[in-house]
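Q: Data: structure_32.pdb, PDB, C-alpha atoms and all ligand atoms.
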```pdb
ATOM      1  CA  MET A  26     105.104 105.856  86.051  1.00  0.00           C
ATOM      2  CA  SER A  27     107.444 102.935  86.165  1.00  0.00           C
ATOM      3  CA  PHE A  28     105.297  99.810  85.728  1.00  0.00           C
ATOM      4  CA  ASP A  29     104.134  98.629  82.335  1.00  0.00           C
ATOM      5  CA  LYS A  30     100.491  97.984  81.544  1.00  0.00           C
ATOM      6  CA  HIS A  31     100.705  94.285  82.386  1.00  0.00           C
ATOM      7  CA  THR A  32     101.755  94.957  85.938  1.00  0.00           C
ATOM      8  CA  ASP A  33      99.625  93.666  88.777  1.00  0.00           C
ATOM      9  CA  GLU A  34      97.972  96.811  90.121  1.00  0.00           C
ATOM     10  CA  ARG A  35      96.624  95.311  93.348  1.00  0.00           C
ATOM     11  CA  PRO A  36      97.478  97.199  96.547  1.00  0.00           C
ATOM     12  CA  ILE A  37     100.985  97.166  97.983  1.00  0.00           C
ATOM     13  CA  PHE A  38     101.008  96.680 101.773  1.00  0.00           C
ATOM     14  CA  LEU A  39     104.045  97.745 103.790  1.00  0.00           C
ATOM     15  CA  VAL A  40     104.649  95.570 106.835  1.00  0.00           C
ATOM     16  CA  GLY A  41     107.124  95.954 109.689  1.00  0.00           C
ATOM     17  CA  PHE A  42     107.869  96.893 113.255  1.00  0.00           C
ATOM     18  CA  MET A  43     107.031 100.250 114.817  1.00  0.00           C
ATOM     19  CA  GLY A  44     109.589 102.786 113.578  1.00  0.00           C
ATOM     20  CA  ALA A  45     110.621 100.752 110.516  1.00  0.00           C
ATOM     21  CA  GLY A  46     109.654 103.622 108.207  1.00  0.00           C
ATOM     22  CA  LYS A  47     106.454 102.184 106.713  1.00  0.00           C
ATOM     23  CA  THR A  48     104.655 105.521 106.498  1.00  0.00           C
ATOM     24  CA  THR A  49     107.610 107.510 105.152  1.00  0.00           C
ATOM     25  CA  VAL A  50     108.570 104.888 102.587  1.00  0.00           C
ATOM     26  CA  GLY A  51     104.940 104.168 101.715  1.00  0.00           C
ATOM     27  CA  ARG A  52     104.209 107.804 100.973  1.00  0.00           C
ATOM     28  CA  ALA A  53     107.341 108.107  98.808  1.00  0.00           C
ATOM     29  CA  LEU A  54     106.537 104.845  97.005  1.00  0.00           C
ATOM     30  CA  ALA A  55     103.007 106.006  96.235  1.00  0.00           C
ATOM     31  CA  GLU A  56     104.318 109.296  94.914  1.00  0.00           C
ATOM     32  CA  ARG A  57     106.847 107.535  92.709  1.00  0.00           C
ATOM     33  CA  LEU A  58     104.249 105.138  91.282  1.00  0.00           C
ATOM     34  CA  GLU A  59     101.481 107.740  91.153  1.00  0.00           C
ATOM     35  CA  TYR A  60      99.412 105.516  93.419  1.00  0.00           C
ATOM     36  CA  ARG A  61      97.170 106.657  96.275  1.00  0.00           C
ATOM     37  CA  PHE A  62      98.616 106.357  99.775  1.00  0.00           C
ATOM     38  CA  PHE A  63      96.842 105.273 102.965  1.00  0.00           C
ATOM     39  CA  ASP A  64      98.192 104.953 106.465  1.00  0.00           C
ATOM     40  CA  LEU A  65      96.043 102.290 108.113  1.00  0.00           C
ATOM     41  CA  ASP A  66      96.439 103.750 111.621  1.00  0.00           C
ATOM     42  CA  ASP A  67      95.179 107.114 110.338  1.00  0.00           C
ATOM     43  CA  GLN A  68      92.216 105.365 108.755  1.00  0.00           C
ATOM     44  CA  ILE A  69      91.465 103.530 111.997  1.00  0.00           C
ATOM     45  CA  ALA A  70      91.625 106.799 113.962  1.00  0.00           C
ATOM     46  CA  ALA A  71      89.328 108.516 111.445  1.00  0.00           C
ATOM     47  CA  ARG A  72      86.834 105.627 111.539  1.00  0.00           C
ATOM     48  CA  ALA A  73      86.809 105.598 115.373  1.00  0.00           C
ATOM     49  CA  GLY A  74      86.812 109.370 115.715  1.00  0.00           C
ATOM     50  CA  LYS A  75      89.708 109.169 118.174  1.00  0.00           C
ATOM     51  CA  SER A  76      93.462 108.685 118.172  1.00  0.00           C
ATOM     52  CA  VAL A  77      95.107 105.264 118.192  1.00  0.00           C
ATOM     53  CA  GLN A  78      96.243 105.912 121.781  1.00  0.00           C
ATOM     54  CA  ALA A  79      92.684 106.793 122.819  1.00  0.00           C
ATOM     55  CA  ILE A  80      91.310 103.663 121.118  1.00  0.00           C
ATOM     56  CA  PHE A  81      93.766 101.495 123.083  1.00  0.00           C
ATOM     57  CA  ALA A  82      93.093 103.352 126.337  1.00  0.00           C
ATOM     58  CA  GLU A  83      89.305 103.621 126.095  1.00  0.00           C
ATOM     59  CA  LEU A  84      88.239 100.630 123.987  1.00  0.00           C
ATOM     60  CA  GLY A  85      91.130  98.201 124.399  1.00  0.00           C
ATOM     61  CA  GLU A  86      93.473  96.452 122.017  1.00  0.00           C
ATOM     62  CA  SER A  87      90.920  93.889 120.814  1.00  0.00           C
ATOM     63  CA  GLU A  88      88.622  96.669 119.561  1.00  0.00           C
ATOM     64  CA  PHE A  89      91.625  98.265 117.848  1.00  0.00           C
ATOM     65  CA  ARG A  90      92.443  94.937 116.159  1.00  0.00           C
ATOM     66  CA  GLN A  91      88.840  94.596 114.990  1.00  0.00           C
ATOM     67  CA  LEU A  92      88.933  98.069 113.447  1.00  0.00           C
ATOM     68  CA  GLU A  93      92.292  97.212 111.908  1.00  0.00           C
ATOM     69  CA  ARG A  94      90.786  94.097 110.310  1.00  0.00           C
ATOM     70  CA  ASP A  95      87.792  96.065 108.989  1.00  0.00           C
ATOM     71  CA  LEU A  96      90.028  98.698 107.422  1.00  0.00           C
ATOM     72  CA  ILE A  97      92.273  96.081 105.822  1.00  0.00           C
ATOM     73  CA  THR A  98      89.168  94.510 104.268  1.00  0.00           C
ATOM     74  CA  SER A  99      88.079  97.905 102.953  1.00  0.00           C
ATOM     75  CA  HIS A 100      91.093  97.827 100.595  1.00  0.00           C
ATOM     76  CA  LYS A 101      90.097  94.599  98.912  1.00  0.00           C
ATOM     77  CA  ASN A 102      89.009  96.113  95.617  1.00  0.00           C
ATOM     78  CA  ASP A 103      91.628  98.868  95.501  1.00  0.00           C
ATOM     79  CA  ARG A 104      93.905  99.289  92.545  1.00  0.00           C
ATOM     80  CA  ARG A 105      97.054 101.417  92.471  1.00  0.00           C
ATOM     81  CA  THR A 106      97.266 102.042  96.197  1.00  0.00           C
ATOM     82  CA  VAL A 107     100.037 101.761  98.762  1.00  0.00           C
ATOM     83  CA  VAL A 108      98.969 101.036 102.352  1.00  0.00           C
ATOM     84  CA  ALA A 109     101.288 101.426 105.350  1.00  0.00           C
ATOM     85  CA  LEU A 110     100.094  98.953 107.992  1.00  0.00           C
ATOM     86  CA  GLY A 111     100.563  99.259 111.752  1.00  0.00           C
ATOM     87  CA  GLY A 112     103.262  97.088 113.289  1.00  0.00           C
ATOM     88  CA  GLY A 113     100.790  94.521 114.644  1.00  0.00           C
ATOM     89  CA  ALA A 114      98.611  94.180 111.547  1.00  0.00           C
ATOM     90  CA  TYR A 115     100.568  91.303 110.008  1.00  0.00           C
ATOM     91  CA  VAL A 116     100.837  89.298 113.216  1.00  0.00           C
ATOM     92  CA  SER A 117      97.557  87.424 113.086  1.00  0.00           C
ATOM     93  CA  GLU A 118      97.377  84.515 110.691  1.00  0.00           C
ATOM     94  CA  ALA A 119      93.931  85.613 109.515  1.00  0.00           C
ATOM     95  CA  ASN A 120      95.260  89.057 108.576  1.00  0.00           C
ATOM     96  CA  ARG A 121      98.239  87.548 106.767  1.00  0.00           C
ATOM     97  CA  VAL A 122      95.959  85.384 104.659  1.00  0.00           C
ATOM     98  CA  LEU A 123      93.662  88.329 103.967  1.00  0.00           C
ATOM     99  CA  LEU A 124      96.457  90.744 103.065  1.00  0.00           C
ATOM    100  CA  ARG A 125      98.195  88.326 100.731  1.00  0.00           C
ATOM    101  CA  ALA A 126      94.879  87.575  99.017  1.00  0.00           C
ATOM    102  CA  ILE A 127      94.140  91.282  98.545  1.00  0.00           C
ATOM    103  CA  GLY A 128      97.539  92.437  97.336  1.00  0.00           C
ATOM    104  CA  LYS A 129     101.322  92.325  97.608  1.00  0.00           C
ATOM    105  CA  THR A 130     103.099  92.498 100.943  1.00  0.00           C
ATOM    106  CA  VAL A 131     106.543  93.970 101.588  1.00  0.00           C
ATOM    107  CA  TRP A 132     108.378  93.729 104.918  1.00  0.00           C
ATOM    108  CA  LEU A 133     110.639  96.645 105.817  1.00  0.00           C
ATOM    109  CA  ASP A 134     113.095  94.695 107.926  1.00  0.00           C
ATOM    110  CA  CYS A 135     114.724  97.326 110.111  1.00  0.00           C
ATOM    111  CA  PRO A 136     117.229  96.790 112.963  1.00  0.00           C
ATOM    112  CA  LEU A 137     115.755  97.192 116.431  1.00  0.00           C
ATOM    113  CA  GLU A 138     118.155 100.035 117.388  1.00  0.00           C
ATOM    114  CA  VAL A 139     116.933 102.153 114.462  1.00  0.00           C
ATOM    115  CA  CYS A 140     113.281 101.436 115.287  1.00  0.00           C
ATOM    116  CA  LEU A 141     113.831 102.254 118.969  1.00  0.00           C
ATOM    117  CA  ARG A 142     115.448 105.571 118.181  1.00  0.00           C
ATOM    118  CA  ARG A 143     112.576 106.639 115.954  1.00  0.00           C
ATOM    119  CA  ILE A 144     109.942 105.368 118.386  1.00  0.00           C
ATOM    120  CA  SER A 145     111.471 107.217 121.317  1.00  0.00           C
ATOM    121  CA  GLU A 146     111.467 110.433 119.303  1.00  0.00           C
ATOM    122  CA  ASP A 147     107.695 110.615 118.871  1.00  0.00           C
ATOM    123  CA  GLY A 148     106.335 109.056 122.098  1.00  0.00           C
ATOM    124  CA  LEU A 149     102.920 108.399 120.539  1.00  0.00           C
ATOM    125  CA  ARG A 150     102.643 104.627 120.421  1.00  0.00           C
ATOM    126  CA  PRO A 151     100.586 102.730 123.012  1.00  0.00           C
ATOM    127  CA  LEU A 152     102.444  99.407 122.866  1.00  0.00           C
ATOM    128  CA  VAL A 153     105.936 100.735 123.527  1.00  0.00           C
ATOM    129  CA  GLY A 154     107.811  99.119 126.402  1.00  0.00           C
ATOM    130  CA  ASN A 155     111.432  99.267 127.499  1.00  0.00           C
ATOM    131  CA  PRO A 156     114.149  98.209 125.000  1.00  0.00           C
ATOM    132  CA  ASP A 157     114.252  94.633 126.328  1.00  0.00           C
ATOM    133  CA  GLU A 158     110.493  94.281 125.961  1.00  0.00           C
ATOM    134  CA  MET A 159     110.660  95.705 122.454  1.00  0.00           C
ATOM    135  CA  ALA A 160     113.413  93.239 121.546  1.00  0.00           C
ATOM    136  CA  VAL A 161     111.209  90.371 122.728  1.00  0.00           C
ATOM    137  CA  LEU A 162     108.216  91.720 120.810  1.00  0.00           C
ATOM    138  CA  LEU A 163     110.239  92.055 117.598  1.00  0.00           C
ATOM    139  CA  GLU A 164     111.603  88.512 117.940  1.00  0.00           C
ATOM    140  CA  GLN A 165     108.065  87.202 118.515  1.00  0.00           C
ATOM    141  CA  ARG A 166     106.844  88.984 115.400  1.00  0.00           C
ATOM    142  CA  ARG A 167     109.775  88.275 113.093  1.00  0.00           C
ATOM    143  CA  PRO A 168     108.444  84.860 111.926  1.00  0.00           C
ATOM    144  CA  ALA A 169     105.145  86.518 110.968  1.00  0.00           C
ATOM    145  CA  TYR A 170     106.826  89.441 109.178  1.00  0.00           C
ATOM    146  CA  ALA A 171     108.978  86.937 107.269  1.00  0.00           C
ATOM    147  CA  GLN A 172     105.842  85.612 105.586  1.00  0.00           C
ATOM    148  CA  THR A 173     105.530  88.600 103.258  1.00  0.00           C
ATOM    149  CA  ASP A 174     105.922  88.313  99.483  1.00  0.00           C
ATOM    150  CA  TYR A 175     109.028  90.549  99.524  1.00  0.00           C
ATOM    151  CA  VAL A 176     111.608  91.651 102.088  1.00  0.00           C
ATOM    152  CA  ILE A 177     113.599  94.894 102.069  1.00  0.00           C
ATOM    153  CA  ARG A 178     116.562  95.556 104.376  1.00  0.00           C
ATOM    154  CA  ALA A 179     115.521  98.961 105.671  1.00  0.00           C
ATOM    155  CA  GLY A 180     117.552 100.526 108.505  1.00  0.00           C
ATOM    156  CA  GLU A 181     119.302 103.818 107.815  1.00  0.00           C
ATOM    157  CA  ARG A 182     118.962 103.748 104.031  1.00  0.00           C
ATOM    158  CA  ALA A 183     117.351 106.741 102.351  1.00  0.00           C
ATOM    159  CA  PRO A 184     113.649 106.361 101.516  1.00  0.00           C
ATOM    160  CA  ALA A 185     114.346 106.977  97.803  1.00  0.00           C
ATOM    161  CA  GLU A 186     116.751 104.036  97.734  1.00  0.00           C
ATOM    162  CA  LEU A 187     114.209 101.765  99.428  1.00  0.00           C
ATOM    163  CA  VAL A 188     111.531 102.937  97.015  1.00  0.00           C
ATOM    164  CA  GLN A 189     113.746 102.067  94.053  1.00  0.00           C
ATOM    165  CA  GLU A 190     114.420  98.611  95.489  1.00  0.00           C
ATOM    166  CA  ILE A 191     110.708  97.962  96.010  1.00  0.00           C
ATOM    167  CA  VAL A 192     109.829  99.136  92.489  1.00  0.00           C
ATOM    168  CA  THR A 193     112.497  96.832  91.048  1.00  0.00           C
ATOM    169  CA  LEU A 194     111.362  93.883  93.169  1.00  0.00           C
ATOM    170  CA  LEU A 195     107.797  94.394  91.998  1.00  0.00           C
ATOM    171  CA  GLY A 196     108.887  94.308  88.389  1.00  0.00           C
ATOM    172  CA  GLY A 197     109.096  97.997  87.559  1.00  0.00           C
ATOM    173  CA  ARG A 198     111.901 100.218  86.366  1.00  0.00           C
TER     174      ARG A 198
HETATM  175  C1  LIG B   1     101.184  98.716 116.776  1.00  0.00           C
HETATM  176  C2  LIG B   1     101.840  99.594 115.943  1.00  0.00           C
HETATM  177  C3  LIG B   1     101.320 100.935 115.636  1.00  0.00           C
HETATM  178  C4  LIG B   1      99.800 100.972 115.824  1.00  0.00           C
HETATM  179  C5  LIG B   1      99.422 100.457 117.166  1.00  0.00           C
HETATM  180  C6  LIG B   1      99.871  99.015 117.405  1.00  0.00           C
HETATM  181  C7  LIG B   1     101.794  97.387 117.032  1.00  0.00           C
HETATM  182  O1  LIG B   1     101.642 101.274 114.297  1.00  0.00           O
HETATM  183  O2  LIG B   1      99.146 100.215 114.833  1.00  0.00           O
HETATM  184  O3  LIG B   1      99.994 101.306 118.108  1.00  0.00           O
HETATM  185  O4  LIG B   1     101.090  96.480 117.515  1.00  0.00           O
HETATM  186  O5  LIG B   1     102.994  97.228 116.700  1.00  0.00           O
HETATM  187  P1  LIG B   1     103.139 101.683 113.803  1.00  0.00           P
HETATM  188  O6  LIG B   1     103.859 100.434 113.430  1.00  0.00           O
HETATM  189  O7  LIG B   1     102.867 102.541 112.616  1.00  0.00           O
HETATM  190  O8  LIG B   1     103.765 102.418 114.928  1.00  0.00           O
END
```
Output the file's structure as structure tokens, nothing else.
Ligand code: S3P

A:
Amino acid sequence: MSFDKHTDERPIFLVGFMGAGKTTVGRALAERLEYRFFDLDDQIAARAGKSVQAIFAELGESEFRQLERDLITSHKNDRRTVVALGGGAYVSEANRVLLRAIGKTVWLDCPLEVCLRRISEDGLRPLVGNPDEMAVLLEQRRPAYAQTDYVIRAGERAPAELVQEIVTLLGGR
């Protein structure tokens, strides 16, 4: 454990574009801090009883966003948890306000090329367009992502290195 007893133990939310590494880094961060880990998309799928792709296809994006909001709210009394958000969760102003009230937010700022490579490898995301469309989407979202409490330059760096940087930024050792 690398925080002292005075450390703020409210949830840590990882923010960033699809393919930025939120789930991988979040899981490693939780392990390092001995916190619980949640992937919000997995929670949404479990709550809906269907995959994220099926939610988008059968219920539509607005239903997905409502579920996303409900699951964010469900973390409001958590302590010692890390939550990896989906790439669109920090885009709405209402969610930003909510997330920053509930806990600490960290943006994994990852170059588009790295995100695109990872996204193209799994083929599971409903909102993926061609590289030009993804570039536009990232630029649209950047001002929202920049409103986190902390920013980490992600890219190709090893998860352990990013974890160490986050722990240091949050006041740990
Ligand atoms: C989305 C990103 C996805 C998932 C959904 C919508 C987005 O999460 O929440 O497909 O709007 O960027 P990842 O960032 O984990 O891929």

Q: Please compute the atom C5 of ligand LIG 1 (chain B)-atom CA of Pro151 of chain A distance, one decimal, in Å.

A: 6.4 Å

Q: Running the PyMOL selection byres (((chain A and resi 89-99) around 8) and not hetatm) on this model by hand, what would come out? Give it as a compact mmCIF listing (two decimals) with C-alpha atoms, in the coordinates of the input.

A:
```txt
# COMPACT_ATOMS: atom_id res chain seq x y z
CA LEU A 65 96.04 102.29 108.11
CA ASP A 66 96.44 103.75 111.62
CA GLN A 68 92.22 105.36 108.76
CA ILE A 69 91.46 103.53 112.00
CA VAL A 77 95.11 105.26 118.19
CA ILE A 80 91.31 103.66 121.12
CA PHE A 81 93.77 101.50 123.08
CA LEU A 84 88.24 100.63 123.99
CA GLY A 85 91.13 98.20 124.40
CA GLU A 86 93.47 96.45 122.02
CA SER A 87 90.92 93.89 120.81
CA GLU A 88 88.62 96.67 119.56
CA HIS A 100 91.09 97.83 100.60
CA LYS A 101 90.10 94.60 98.91
CA ASN A 102 89.01 96.11 95.62
CA ALA A 114 98.61 94.18 111.55
CA ASN A 120 95.26 89.06 108.58
CA LEU A 123 93.66 88.33 103.97
CA LEU A 124 96.46 90.74 103.06
```

Q: Counting only C-alpha atoms and all ligand atoms, name the residues that have an atom within 8 Å of an atom of ligand LIG 1 (chain B); the answer should be given as a list in words.

A: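 Listed by chain and ascending number, the contacts are Gly41, Phe42, Met43, Gly44, Ala45, Lys47, Thr48, Leu65, Asp66, Val77, Gln78, Phe81, Ala109, Leu110, Gly111, Gly112, Gly113, Ala114, Ile144, Arg150, Pro151 and Leu152 of chain A.
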
Q: Suppose you want the space between atom CA of Lys129 of chain A and atom CA of Gly197 of chain A; what is it in Å?

A: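 Atom-to-atom, atom CA of Lys129 of chain A and atom CA of Gly197 of chain A are spaced 13.9 Å apart.
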
Q: With all atoms listed in the file as the counted atoms, please give the residues lying no more than 10 Å from Leu194 of chain A, apart from itself and same-chain residues fewer than 4 positions off, as a ChimeraX atom specification.

A: /A:131,175-177,188-190,198

Q: Tell me which of A:Gly74, A:Pro156, A:Pro184, A:Gly128 sits closest to Thr49 of chain A, counting all atoms listed in the file.

A: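 That would be A:Pro184, the residue with the smallest distance to Thr49 of chain A.
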
Q: Pick from A:Val139, A:Leu54, A:Ile37, A:Val161: nearest to Glu186 of chain A, with all atoms listed in the file counted?

A: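 When distances to Glu186 of chain A are compared using all atoms listed in the file, the smallest one comes from A:Leu54.
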
Q: Name the closest residue to Ala171 of chain A among the candidates A:Val122, A:Ala185, A:Ile191, A:Leu133; distances are taken between atoms, counting only C-alpha atoms.

A: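 Of the candidates, the smallest distance to Ala171 of chain A is held by A:Leu133.
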
Q: Can you tell me which residues surround Thr173 of chain A at a distance of at most 9 Å, considering all atoms listed in the file, apart from same-chain residues fewer than 5 positions away, and format the answer as a list in words?

A: Val40, Tyr115, Arg121, Arg125, Lys129, Thr130, Val131 and Trp132 of chain A

Q: How far is it from atom CA of Gln165 of chain A to atom CA of Glu181 of chain A, in Å with one decimal?

A: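 Atom CA of Gln165 of chain A sits 22.7 Å away from atom CA of Glu181 of chain A.
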